Amino acid sequence: MYLSYEEYAGMGGGATSATFDRLEKKAAKLIDRATRSRLSGETEVRSAVKHCAYELIEMLRAEETVQEIAAGREIVSMSNDGVSVGFASDGDGNRTSRCAEILRCWLGGELTSDGVQLLYAGCDA
């Protein structure tokens, strides 16, 4: 667990405790995948990781809300007067892009105790 519910709520998060538990697990999986589980050996969670987890949880929560409203399709435009709604053809690509942006923002440049960048995807020799 990278972020407790108390920390999440203190940062302004709006998910309920039950929803938070599920979304935090998803966010942790995304972080572990992006960092090749390089954070698993750390005893104290660093601030950048907590902020990253918070933003991922909020992104996932917003995504679920949009899916409920649009029956799984992401709304890309909306007009009030003419009541027109435009849906994205592929919401998954947008999610991947947003997720990668959050991960790069908070974890880019962060190093392990061995001096390896958390998001390094090459070979560790």
# chains A, B, ... in the order shown; residues from 1 in each chain; ligands from 1

call {"tool": "residues_around", "arguments": {"residues": "stretch 14-17 of chain A", "least_positions_apart": "3", "cutoff": "12 Å", "atoms": "only C-alpha atoms", "output": "MDAnalysis selection string"}}
result
chainID A and resid 4:11 20:24 54:55 57:62 64:65

call {"tool": "residues_around", "arguments": {"residues": "A:Arg33", "least_positions_apart": "5", "cutoff": "12 Å", "atoms": "only C-alpha atoms", "output": "list in words"}}
result
Lys26, Ala27, Ala28, Arg38, Leu39, Ser40, Cys99, Ala100, Leu103, Leu118, Leu119, Tyr120 and Ala121 of chain A

call {"tool": "select_by_dssp", "arguments": {"residues": "stretch 7-38 of chain A", "states": "alpha helix (DSSP H)", "output": "ChimeraX atom specification"}}
result
/A:7-10,17-35

call {"tool": "write_last_selection", "arguments": {"atoms": "C-alpha atoms", "output": "PDB file, in the first residue's frame"}}
result
ATOM      1  CA  GLU A   7      -3.549  10.373   3.746  1.00  0.00           C
ATOM      2  CA  TYR A   8      -5.773  10.220   0.668  1.00  0.00           C
ATOM      3  CA  ALA A   9      -8.643  12.020   2.382  1.00  0.00           C
ATOM      4  CA  GLY A  10      -6.196  14.597   3.778  1.00  0.00           C
ATOM      5  CA  SER A  17     -13.270   4.022   2.082  1.00  0.00           C
ATOM      6  CA  ALA A  18     -14.556   0.936   0.256  1.00  0.00           C
ATOM      7  CA  THR A  19     -13.978   2.454  -3.187  1.00  0.00           C
ATOM      8  CA  PHE A  20     -10.559   3.732  -2.117  1.00  0.00           C
ATOM      9  CA  ASP A  21      -9.334   0.247  -1.148  1.00  0.00           C
ATOM     10  CA  ARG A  22     -10.110  -1.120  -4.604  1.00  0.00           C
ATOM     11  CA  LEU A  23      -8.723   1.878  -6.483  1.00  0.00           C
ATOM     12  CA  GLU A  24      -5.559   2.022  -4.351  1.00  0.00           C
ATOM     13  CA  LYS A  25      -4.812  -1.591  -5.251  1.00  0.00           C
ATOM     14  CA  LYS A  26      -5.171  -0.744  -8.947  1.00  0.00           C
ATOM     15  CA  ALA A  27      -2.959   2.331  -8.565  1.00  0.00           C
ATOM     16  CA  ALA A  28      -0.341   0.273  -6.701  1.00  0.00           C
ATOM     17  CA  LYS A  29      -0.308  -2.269  -9.546  1.00  0.00           C
ATOM     18  CA  LEU A  30       0.212   0.520 -12.079  1.00  0.00           C
ATOM     19  CA  ILE A  31       3.084   1.947 -10.025  1.00  0.00           C
ATOM     20  CA  ASP A  32       4.666  -1.493  -9.521  1.00  0.00           C
ATOM     21  CA  ARG A  33       4.441  -2.255 -13.232  1.00  0.00           C
ATOM     22  CA  ALA A  34       5.984   1.094 -14.226  1.00  0.00           C
ATOM     23  CA  THR A  35       8.808   0.823 -11.665  1.00  0.00           C
TER      24      THR A  35
END

call {"tool": "atom_distance", "arguments": {"atom1": "atom CA of A:Arg95", "atom2": "atom CA of A:Glu63"}}
result
8.2 Å

call {"tool": "closest_residue", "arguments": {"among": "A:Asn94, A:Gly122, A:Met1, A:Ala53", "to": "A:Leu107", "atoms": "only C-alpha atoms"}}
result
A:Ala53

call {"tool": "closest_residue", "arguments": {"among": "A:Ser84, A:Thr112, A:Thr96, A:Arg104", "to": "A:Val45", "atoms": "only C-alpha atoms"}}
result
A:Thr112

call {"tool": "atom_distance", "arguments": {"atom1": "atom CA of A:Gly41", "atom2": "atom CA of A:Arg98"}}
result
26.9 Å

call {"tool": "atom_distance", "arguments": {"atom1": "atom CA of A:Ser97", "atom2": "atom CA of A:His51"}}
result
17.9 Å

call {"tool": "closest_residue", "arguments": {"among": "A:Lys50, A:Glu101, A:Arg36, A:Glu44", "to": "A:Val116", "atoms": "only C-alpha atoms"}}
result
A:Arg36
